[in-house]
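Have a look at the structure below before the remarks.
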Amino acid sequence: MYSAPTFAPPPTYFFYMKASLLSLALLGGICWSGAAVAQTTLANGTLETWNRENGPEGPVQWITSDQIAANLFIAVNGVTKSTESRTGAFAARLSFRNVTIPILGTFPVPALLLLGTKVPEISPTNLPRTQEDIVRLRPGGIPFTARPTSLQFWYKYTGVAADAGQAAVVLSKEGQAIGQAGITLNGGINTYTLINLPITYGSAVMPDTLRIVFTAGTNQTPSTTAALFIDDVTVPLTVTADRNPQLEAALVVYPNPSSNGDFSLASLQKPGVATAPFTISDATGRVVLRQGAAPTSAASGRLISLRGQPAGVYLLRLSTTEGTLTRKLVIQ
């Protein structure tokens, strides 16, 4: 009787297949390591337009882990179009998945959303085996010749509160990172929240490429029931000509300078200003304090404590619904 031959792939095949699956989350992040602002519009930054140009449905001008995995004939379904949007009709929904492959077993696959259109040509015969391969196959990225001050986006993370994801932005010149920022996105956020992520630059040169990446399910015990929603992604540029005098006049910071590092914010005429999410950076661009939105009742006096920080000048960035407002804070 005829007996079908048993498929016995070489040991290195198991290693490289597993490495390729884990690299879905790594490929996009290999480089991760007082003016008003004008919003620089990204192509489909609102995530409204979707198609199947790269196989599985995904947002136009973006790449997903589903599309990368499709080159390996693996169905992930980790990034989907959602009607739970902040504005418009759609947002992107990212969920961690466990993917089972015959013979090889089950593998964890974090959801991945990347700005750009370059899908790496990964296949069973073209797997990333070295650091050079990962760089060569790195997906995403768009031509970009400006120096944005931050990455802004709206997100919510429903389901298991212990789940976590990440967001990052990298600006590079000829493959070398010159500006970047990253943040962990924690679960248990059931309403859309604005994130303003300041970009730290290590070089004065102008970039030629912009990469933005969002991932879900990157903690040690990710959940398949948690969902990260992303909407309205922008990269603001500092433009002093577009100052908003009314917005700036609404905010009072006192005492400033401060002798002990304590400051208070007040904005009685516009309560949403003093209570907006904010970041505070030191002179090197390092974020020393980040807080989400405060209750409206705090508009009469929201305490900010920088106690323990050395004397010097710090930059406060408030992400209000009318734009980003910056103010210098001085510790004597």
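Going through the structure tokens in order, the chains are called A, B, and so on, while each chain numbers its residues from 1 and the ligands are numbered from 1 in the order shown.
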Distance table requested - stretch 180-202 of chain A against stretch 259-277 of chain A, cut-off 9 Å, only C-alpha atoms: one row per qualifying residue with the closest atom pair and its distance in Å to one decimal, ordered by chain and rising residue number, as a tab-separated table.
```
residue	atom	partner	partner_atom	distance
A:Thr193	CA	A:Pro277	CA	8.7
A:Leu194	CA	A:Pro277	CA	7.3
A:Ile195	CA	A:Pro277	CA	7.6
A:Asn196	CA	A:Pro277	CA	8.0
```
Take the residues just selected and output them with N, CA and C atoms as an mmCIF file, in the first residue's frame.
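Generated file (part-v8.cif):
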```cif
data_model
loop_
_atom_site.group_PDB
_atom_site.id
_atom_site.type_symbol
_atom_site.label_atom_id
_atom_site.label_comp_id
_atom_site.auth_asym_id
_atom_site.auth_seq_id
_atom_site.Cartn_x
_atom_site.Cartn_y
_atom_site.Cartn_z
ATOM 1 N N THR A 193 -8.667 58.986 23.657
ATOM 2 C CA THR A 193 -7.758 59.872 24.381
ATOM 3 C C THR A 193 -6.707 60.402 23.414
ATOM 4 N N LEU A 194 -6.434 61.694 23.501
ATOM 5 C CA LEU A 194 -5.434 62.315 22.633
ATOM 6 C C LEU A 194 -4.035 62.101 23.201
ATOM 7 N N ILE A 195 -3.132 61.637 22.354
ATOM 8 C CA ILE A 195 -1.722 61.505 22.718
ATOM 9 C C ILE A 195 -0.915 62.494 21.888
ATOM 10 N N ASN A 196 -0.111 63.292 22.559
ATOM 11 C CA ASN A 196 0.835 64.195 21.900
ATOM 12 C C ASN A 196 2.231 63.744 22.309
#
```
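Proximity to A:Ala167 at 7 Å, evaluated using only C-alpha atoms and with sequence-adjacent residues fewer than 6 positions away removed, yields A:Gly182, A:Ile183, A:Thr184, A:Val213, A:Phe214, A:Thr215.
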Let's have the selection written as a PDB file, in the first residue's frame, with C-alpha atoms.
```pdb
ATOM      1  CA  GLY A 182       7.883  56.035  21.599  1.00  0.00           C
ATOM      2  CA  ILE A 183       5.222  55.374  24.197  1.00  0.00           C
ATOM      3  CA  THR A 184       3.527  52.391  25.821  1.00  0.00           C
ATOM      4  CA  VAL A 213       4.152  52.264  13.911  1.00  0.00           C
ATOM      5  CA  PHE A 214       1.386  51.102  16.246  1.00  0.00           C
ATOM      6  CA  THR A 215       1.350  47.660  17.862  1.00  0.00           C
TER       7      THR A 215
END
```
So that I can check the surroundings of A:Leu197, please list as a PDB file with C-alpha atoms, in the first residue's frame every protein, DNA and RNA residue that reaches within 7 Å of it, counting only C-alpha atoms and ignoring chain neighbours fewer than 4 positions away.
```
ATOM      1  CA  SER A 150       5.469  65.507  17.768  1.00  0.00           C
ATOM      2  CA  LEU A 151       3.278  62.602  16.769  1.00  0.00           C
ATOM      3  CA  GLN A 152      -0.383  63.134  17.617  1.00  0.00           C
ATOM      4  CA  ALA A 181       9.827  58.930  20.132  1.00  0.00           C
TER       5      ALA A 181
END
```
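Among the candidates A:Trp50, A:Phe107, A:Phe144, A:Tyr157, the one nearest to A:Ala227 when counting only C-alpha atoms is A:Tyr157.
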**Request:** Counting only C-alpha atoms, figure out which residue out of A:Lys328, A:Arg290, A:Arg317, A:Arg86 gets nearest to A:Phe229.
**Result:** A:Arg86
**Request:** Would you mind listing what lies within 7 Å of stretch 308-316 of chain A as a list of chain:residue names, with only C-alpha atoms counted and same-chain residues fewer than 5 positions away left out?
**Result:** A:Phe278, A:Thr279, A:Ile280, A:Ser281, A:Asp282, A:Ala283, A:Thr326, A:Arg327, A:Lys328, A:Leu329, A:Val330, A:Ile331, A:Gln332
Next, write the just-selected residues to a file, as a PDB file, in the first residue's frame, keeping N, CA and C atoms as the atom set.
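Output file again-v3.pdb follows:
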```pdb
ATOM      1  N   PHE A 278      -0.951  66.661  28.819  1.00  0.00           N
ATOM      2  CA  PHE A 278       0.264  67.431  28.579  1.00  0.00           C
ATOM      3  C   PHE A 278       1.506  66.567  28.732  1.00  0.00           C
ATOM      4  N   THR A 279       2.599  67.089  28.184  1.00  0.00           N
ATOM      5  CA  THR A 279       3.932  66.556  28.445  1.00  0.00           C
ATOM      6  C   THR A 279       4.825  67.721  28.838  1.00  0.00           C
ATOM      7  N   ILE A 280       5.848  67.424  29.622  1.00  0.00           N
ATOM      8  CA  ILE A 280       6.860  68.414  29.984  1.00  0.00           C
ATOM      9  C   ILE A 280       8.217  67.820  29.648  1.00  0.00           C
ATOM     10  N   SER A 281       9.012  68.575  28.877  1.00  0.00           N
ATOM     11  CA  SER A 281      10.328  68.114  28.445  1.00  0.00           C
ATOM     12  C   SER A 281      11.408  69.026  29.007  1.00  0.00           C
ATOM     13  N   ASP A 282      12.595  68.441  29.225  1.00  0.00           N
ATOM     14  CA  ASP A 282      13.717  69.266  29.667  1.00  0.00           C
ATOM     15  C   ASP A 282      14.442  69.844  28.456  1.00  0.00           C
ATOM     16  N   ALA A 283      15.575  70.497  28.692  1.00  0.00           N
ATOM     17  CA  ALA A 283      16.279  71.194  27.616  1.00  0.00           C
ATOM     18  C   ALA A 283      16.830  70.246  26.560  1.00  0.00           C
ATOM     19  N   THR A 326       2.070  75.667  23.996  1.00  0.00           N
ATOM     20  CA  THR A 326       3.326  75.462  24.707  1.00  0.00           C
ATOM     21  C   THR A 326       3.603  76.633  25.636  1.00  0.00           C
ATOM     22  N   ARG A 327       4.299  76.340  26.721  1.00  0.00           N
ATOM     23  CA  ARG A 327       4.660  77.378  27.683  1.00  0.00           C
ATOM     24  C   ARG A 327       5.957  76.956  28.372  1.00  0.00           C
ATOM     25  N   LYS A 328       6.874  77.897  28.538  1.00  0.00           N
ATOM     26  CA  LYS A 328       8.120  77.610  29.238  1.00  0.00           C
ATOM     27  C   LYS A 328       7.893  77.645  30.745  1.00  0.00           C
ATOM     28  N   LEU A 329       8.447  76.656  31.433  1.00  0.00           N
ATOM     29  CA  LEU A 329       8.416  76.601  32.891  1.00  0.00           C
ATOM     30  C   LEU A 329       9.849  76.733  33.395  1.00  0.00           C
ATOM     31  N   VAL A 330      10.050  77.568  34.387  1.00  0.00           N
ATOM     32  CA  VAL A 330      11.399  77.819  34.895  1.00  0.00           C
ATOM     33  C   VAL A 330      11.471  77.413  36.359  1.00  0.00           C
ATOM     34  N   ILE A 331      12.444  76.549  36.672  1.00  0.00           N
ATOM     35  CA  ILE A 331      12.735  76.194  38.065  1.00  0.00           C
ATOM     36  C   ILE A 331      14.022  76.904  38.453  1.00  0.00           C
ATOM     37  N   GLN A 332      13.945  77.693  39.514  1.00  0.00           N
ATOM     38  CA  GLN A 332      15.122  78.451  39.949  1.00  0.00           C
ATOM     39  C   GLN A 332      15.992  77.627  40.896  1.00  0.00           C
TER      40      GLN A 332
END
```
**Asked** A:Ala70, A:Leu94, A:Ile230, A:Ala293: which is nearest A:Gly45, counting only C-alpha atoms?
**Response** A:Ile230
Residue neighbourhood A:Leu47, 12 Å, only C-alpha atoms, exclusion window fewer than 2 positions, as a JSON list (two decimals) with C-alpha atoms, in the first residue's frame:
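Saved as part-v4.json:
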```json
[["chain", "number", "residue", "atom", "x", "y", "z"],
["A", 41, "THR", "CA", -1.76, 66.01, 7.11],
["A", 42, "LEU", "CA", -0.67, 62.43, 6.54],
["A", 43, "ALA", "CA", -2.07, 60.50, 3.61],
["A", 44, "ASN", "CA", -5.10, 58.72, 5.08],
["A", 45, "GLY", "CA", -4.10, 59.72, 8.60],
["A", 49, "THR", "CA", -10.01, 54.70, 3.17],
["A", 50, "TRP", "CA", -9.40, 50.94, 3.03],
["A", 51, "ASN", "CA", -8.69, 48.48, 0.21],
["A", 58, "GLY", "CA", -6.04, 47.41, 5.21],
["A", 59, "PRO", "CA", -6.02, 51.21, 5.32],
["A", 60, "VAL", "CA", -4.65, 52.87, 2.18],
["A", 61, "GLN", "CA", -1.09, 54.21, 2.63],
["A", 62, "TRP", "CA", -0.61, 51.92, 5.64],
["A", 63, "ILE", "CA", 0.71, 48.36, 6.06],
["A", 79, "VAL", "CA", -5.92, 44.65, 12.03],
["A", 80, "THR", "CA", -9.48, 45.36, 10.93],
["A", 81, "LYS", "CA", -11.67, 48.28, 9.89],
["A", 82, "SER", "CA", -13.86, 49.46, 12.75],
["A", 83, "THR", "CA", -16.86, 51.77, 12.91],
["A", 84, "GLU", "CA", -15.88, 52.69, 16.50],
["A", 85, "SER", "CA", -14.19, 55.84, 15.23],
["A", 86, "ARG", "CA", -13.50, 59.14, 16.94],
["A", 87, "THR", "CA", -14.36, 61.13, 13.81],
["A", 88, "GLY", "CA", -15.48, 60.06, 10.36],
["A", 89, "ALA", "CA", -16.70, 56.58, 9.57],
["A", 90, "PHE", "CA", -13.76, 54.31, 10.41],
["A", 91, "ALA", "CA", -10.81, 53.70, 12.70],
["A", 92, "ALA", "CA", -8.20, 50.93, 12.80],
["A", 93, "ARG", "CA", -8.74, 48.11, 15.30],
["A", 113, "LEU", "CA", 0.01, 49.05, 11.78],
["A", 114, "LEU", "CA", 2.72, 50.90, 9.82],
["A", 115, "LEU", "CA", 2.67, 54.10, 7.82],
["A", 153, "PHE", "CA", -3.14, 60.54, 17.51],
["A", 154, "TRP", "CA", -6.29, 59.45, 19.30],
["A", 229, "PHE", "CA", -8.29, 51.57, 18.31],
["A", 230, "ILE", "CA", -6.29, 54.22, 16.42],
["A", 231, "ASP", "CA", -7.73, 57.30, 14.68],
["A", 232, "ASP", "CA", -6.77, 60.77, 13.38],
["A", 233, "VAL", "CA", -2.97, 60.52, 13.16],
["A", 234, "THR", "CA", -1.05, 63.76, 12.49]]
```
**Message:** What parts of stretch 57-120 of chain A does DSSP call helix (DSSP H, G or I)? I'd like the answer as a count of residues only.
**Reply:** 6
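For the residues A:Ile178, A:Ile189, A:Val288, A:Ala146, ranking by smallest atom-to-atom distance to A:Ala226 using only C-alpha atoms places A:Ile189 first.
A straight line drawn from atom CA of A:Pro110 to atom CA of A:Thr46 is 22.2 Å long.
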**Prompt:** For A:Thr117, which residue among A:Thr145, A:Asn71, A:Ser172, A:Thr64 is the nearest when counting only C-alpha atoms?
**Reply:** A:Thr64
**Item:** Top pick for closest residue to A:Pro245, considering A:Pro102, A:Gly165, A:Pro295, A:Gly323 and counting only C-alpha atoms
**Value:** A:Gly323
**Message:** I'd like the contact shell of A:Gly78 - 8 Å cut-off, only C-alpha atoms, skipping same-chain residues fewer than 5 positions apart - returned as a PyMOL selection string.
**Reply:** chain A and resi 65-66+93-97+110-112
